[in-house]
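> Pasting a structure here, questions to come.
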Amino acid sequence: MSKLWGGRFTKETNKLVEEYTASIAYDQRLAFEDIEGSLAHVQMLGECGILPKEDAEKIKEGLEKIAEKIKNGEVEFSVDNEDIHMNIEKMLIDEIGPVGGKLHTGRSRNDQVATDMHLYVRKTTKEMISLITHVQEALLVQAKVNTETMMPGYTHLQRAQPVLFAHHLLAYFWMLERDKERFADSLKRTDWLPLGAGALAGTTFPIDRERTRELLGFGRIYPNSLDAVSDRDFVLEFLANASILMAHISRLSEEMVIWSSQEFQFIELDDSFCTGSSIMPQKKNPDVPELLRGKTGRVFGHLLGLLTVLKGLPLAYNKDMQEDKEGIFDTADTLEGALKLLALMIETMKVNKEKMFKAVSNDYSNATDIADYLAKKGLPFREAHAVIGQIVLYAIQNDKFLLDLTLDEYKRFSPLFEKDIFEVLKPEHVVKARNSTGGTGHEQVAAQLVMAEKQLENGF
Ligand code: ARG
């Protein structure tokens with residue numbers, strides 16, 4: 001039998017079974033994590049006297065050579081050896097002879113693969129945090145040059161109250177900040193090391209799990225060997241964090257699609273981020289934000305996929321768990337592309353300040369301010385609201401905006417109106433007046449920008 005585990009078998013594996021059960025096509029992505037884990041394991045075996053020092057040394061050298069070869073693209077992985085763990089073990093034996101077979105002492109593929117996944121998730125989580133930071137920086141760049149730019153703020157996608165464009169962009173800055181915090185927080189739980197749990201019950205060898213923990217730089221070891229090899233909650237957490245992040249990215253993307261439409265024209269995406277139509281020569285399609293929005297679906301899908309894989313599994317390892325990999329790899333790739341593109345797209349988009357201003361000037365989004373005006377003069381807000389409702393209706397019926405009505409017209413609705421109402425109704429004033437903490441008023445947005453910059457400098 002050519003298999004590393006072939007001893008107990010009397011027949012070769014069916015070809016279809018071999019192909020169906022193999023994970024090497026995708027888990028070769030864990031090659032360096034696998035070698036890193038093995039290096040720590042064999043170092044510990046040597047130090048504990050479980051393997052003679054010379055053997056441990058030979059194995060380490062062999063593993064390093066294999067890492068080098070993989071880097072140089074000099075190896076070919078094979079389905080015969082099922083997964084990355086056995087491919088590398090086989091290469092090791094080919095490289096240094098039978099002593100290579102001692103590497104797997106006191107270890108199982110079950111604690112090995114769990115270790116590889118912890119190393120992978122830890123590394124990838126840190127990469128995500130830094131990629132999110134780049135998007136936040138891009139948002140800040142745009143926010144800073146748009147501290148005077150006014151746009152309609154929406155609820156129900158109906159113009160509600162004008163806001164500063166900087167304020168709108170900064171809303172996403174804080175969403176991303178929480179996304180980052182979620183990823184950072186999940187590192188605490190990814191920081192547990194399963195190595196040394198064996199297949200499920202520990203090992204008869206006098207291993208030193210604290211030593212491998214130290215070598216691999218983890219915070220603590222799993223206290224329970226069954227738990228160590230059978231949970232993938234740290235992968236789920238990554239996927240959940242990724243899903244929330246993608247939900248945020250998708251909302252911003254949707255806004256970019258809307259804003260760049262002919263109907264809005266609030267922004268223009270850089271030509272290098274759009275594509276044309278094969279039939280309609282006038283088209284400039286916002287493919288990138290559309291795809292970011294669209295790719296959100298697969299990320300949500302991977303989260304639900306793994307939740308479903310895990311939900312019915314008896315302890316400890318089950319082959320089902322091999323299905324934890326493609327989803328997270330695809331999620332990491334999807335996020336990497338999304339975050340890089342989003343940062344560039346935000347940086348290079350043109351903001352059409354005039355169009356935005358025209359939109360805030362030609363609407364009724366200053367209506368709340370008339371109600372506030374009357375309320376400040378002592379009229380109960382509820383009554384003021386009713387009066388303004390009538391004024392807005394009157395204005396619409398007469399094809400006018402609120403700034404176009406005369407003082408006489410206003411006075412017909414309430415004797416409390418004075419000339420100063422026209423100052424109150426100007427978009428600049430409407431925005432500036434919202435000076436409550438966290439509001440869109442200019443002072444508040446300036447303070448928010450300072451806070452956001454500090455947040456980026458200090459990290460968490
Ligand atoms: N390729 C397997 C996986 O990814 C490695 C663990 C295999 N363990 C086993 N007992 N068959 O899950």
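Lettering and numbering for the structure tokens are positional, with chains as A, B, ... in the shown order, residues counted from 1 in each chain, and ligands counted from 1 in the shown order.
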Which residues sit within 10 Å of ligand 1, counting only C-alpha atoms and all ligand atoms, listed as JSON, numbers by chain?
{"A": [21, 22, 23, 24, 26, 27, 82, 83, 84, 85, 86, 108, 109, 110, 111, 112, 113, 114, 116, 117, 199, 200, 229, 230, 316, 317, 318, 319, 320, 321, 322, 323, 324, 325]}
> In Å, with one decimal, what is the gap from atom CA of A:Met151 to atom CA of A:Val163?
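Answer for the atom CA of A:Met151 to atom CA of A:Val163 separation: 5.6 Å.
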> Which residue gives the smallest distance to A:Leu187 among A:Phe218, A:Phe422, A:Trp174, A:Tyr364, with only C-alpha atoms counted?
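Going through A:Phe218, A:Phe422, A:Trp174, A:Tyr364 one by one, the smallest distance to A:Leu187 is for A:Phe218.
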> Env of stretch 388-401 of chain A: 9 Å cut, atoms = only C-alpha atoms, seq-sep filter 2 positions within chain, self excluded. Answer as a VMD selection string.
chain A and resid 361 to 364 367 to 368 370 to 371 383 to 386 403 to 405 409 to 410 413
> Just write the chosen residues, N, CA and C atoms, as an mmCIF file, in the first residue's frame.

```
data_model
loop_
_atom_site.group_PDB
_atom_site.id
_atom_site.type_symbol
_atom_site.label_atom_id
_atom_site.label_comp_id
_atom_site.auth_asym_id
_atom_site.auth_seq_id
_atom_site.Cartn_x
_atom_site.Cartn_y
_atom_site.Cartn_z
ATOM 1 N N SER A 361 -31.028 72.426 -2.223
ATOM 2 C CA SER A 361 -31.721 73.719 -2.338
ATOM 3 C C SER A 361 -33.125 73.539 -2.891
ATOM 4 N N ASN A 362 -33.248 72.557 -3.777
ATOM 5 C CA ASN A 362 -34.539 72.374 -4.435
ATOM 6 C C ASN A 362 -35.355 71.249 -3.807
ATOM 7 N N ASP A 363 -35.578 71.356 -2.532
ATOM 8 C CA ASP A 363 -36.448 70.350 -1.916
ATOM 9 C C ASP A 363 -37.059 70.909 -0.637
ATOM 10 N N TYR A 364 -37.697 70.086 0.097
ATOM 11 C CA TYR A 364 -38.411 70.546 1.305
ATOM 12 C C TYR A 364 -37.727 70.035 2.570
ATOM 13 N N ALA A 367 -37.936 71.631 6.072
ATOM 14 C CA ALA A 367 -39.251 71.771 6.724
ATOM 15 C C ALA A 367 -39.161 71.609 8.238
ATOM 16 N N THR A 368 -38.320 70.642 8.678
ATOM 17 C CA THR A 368 -38.193 70.439 10.132
ATOM 18 C C THR A 368 -37.738 71.727 10.808
ATOM 19 N N ILE A 370 -38.458 74.772 10.090
ATOM 20 C CA ILE A 370 -39.543 75.736 10.346
ATOM 21 C C ILE A 370 -40.323 75.288 11.588
ATOM 22 N N ALA A 371 -40.492 73.970 11.690
ATOM 23 C CA ALA A 371 -41.199 73.464 12.871
ATOM 24 C C ALA A 371 -40.403 73.802 14.130
ATOM 25 N N GLU A 383 -47.962 70.858 17.384
ATOM 26 C CA GLU A 383 -48.804 71.829 16.662
ATOM 27 C C GLU A 383 -48.010 72.460 15.520
ATOM 28 N N ALA A 384 -46.743 72.779 15.825
ATOM 29 C CA ALA A 384 -45.884 73.377 14.804
ATOM 30 C C ALA A 384 -45.785 72.432 13.609
ATOM 31 N N HIS A 385 -45.641 71.147 13.902
ATOM 32 C CA HIS A 385 -45.521 70.132 12.853
ATOM 33 C C HIS A 385 -46.739 70.186 11.929
ATOM 34 N N ALA A 386 -47.920 70.328 12.536
ATOM 35 C CA ALA A 386 -49.154 70.357 11.740
ATOM 36 C C ALA A 386 -49.198 71.602 10.851
ATOM 37 N N LEU A 403 -38.228 78.371 0.595
ATOM 38 C CA LEU A 403 -37.515 79.647 0.585
ATOM 39 C C LEU A 403 -38.158 80.647 -0.374
ATOM 40 N N ASP A 404 -39.038 80.169 -1.259
ATOM 41 C CA ASP A 404 -39.661 81.064 -2.247
ATOM 42 C C ASP A 404 -40.917 81.759 -1.716
ATOM 43 N N LEU A 405 -41.459 81.246 -0.602
ATOM 44 C CA LEU A 405 -42.696 81.862 -0.071
ATOM 45 C C LEU A 405 -42.357 83.239 0.521
ATOM 46 N N GLU A 409 -47.101 85.257 3.104
ATOM 47 C CA GLU A 409 -47.639 83.891 2.978
ATOM 48 C C GLU A 409 -47.407 83.118 4.273
ATOM 49 N N TYR A 410 -46.182 83.251 4.830
ATOM 50 C CA TYR A 410 -45.891 82.550 6.089
ATOM 51 C C TYR A 410 -46.830 83.011 7.190
ATOM 52 N N PHE A 413 -50.105 81.474 7.944
ATOM 53 C CA PHE A 413 -50.160 80.195 8.682
ATOM 54 C C PHE A 413 -49.888 80.366 10.173
#
```
> Identify all residues of stretch 119-347 of chain A in helix (DSSP H, G or I) (DSSP on the backbone) and supply them as a ChimeraX atom specification.
/A:119-144,165-190,209-216,225-230,233-259,271-273,287-311,319-347
> Using only C-alpha atoms, determine which residues lie at most 8 Å from stretch 255-267 of chain A, disregarding the query and same-chain residues fewer than 2 positions distant; provide the list as a list in words.
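Near stretch 255-267 of chain A, the qualifying residues are Arg251, Leu252, Ser253, Leu269, Pro286, Pro289, Glu290, Met349, Lys350, Val351, Asn352, Lys353, Lys355 and Met356 of chain A.
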> I'd like the interatomic distance between atom CA of A:Gln28 and atom CA of A:Glu74, to a tenth of an Å.
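Rounded to one decimal, the two atoms are 13.6 Å apart.
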> For a quick check of understanding, using only C-alpha atoms, which of A:Met246, A:Ile93, A:Met44, A:Met128 has the smallest distance to A:Leu63?
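Closest to A:Leu63 of all the choices is A:Ile93.
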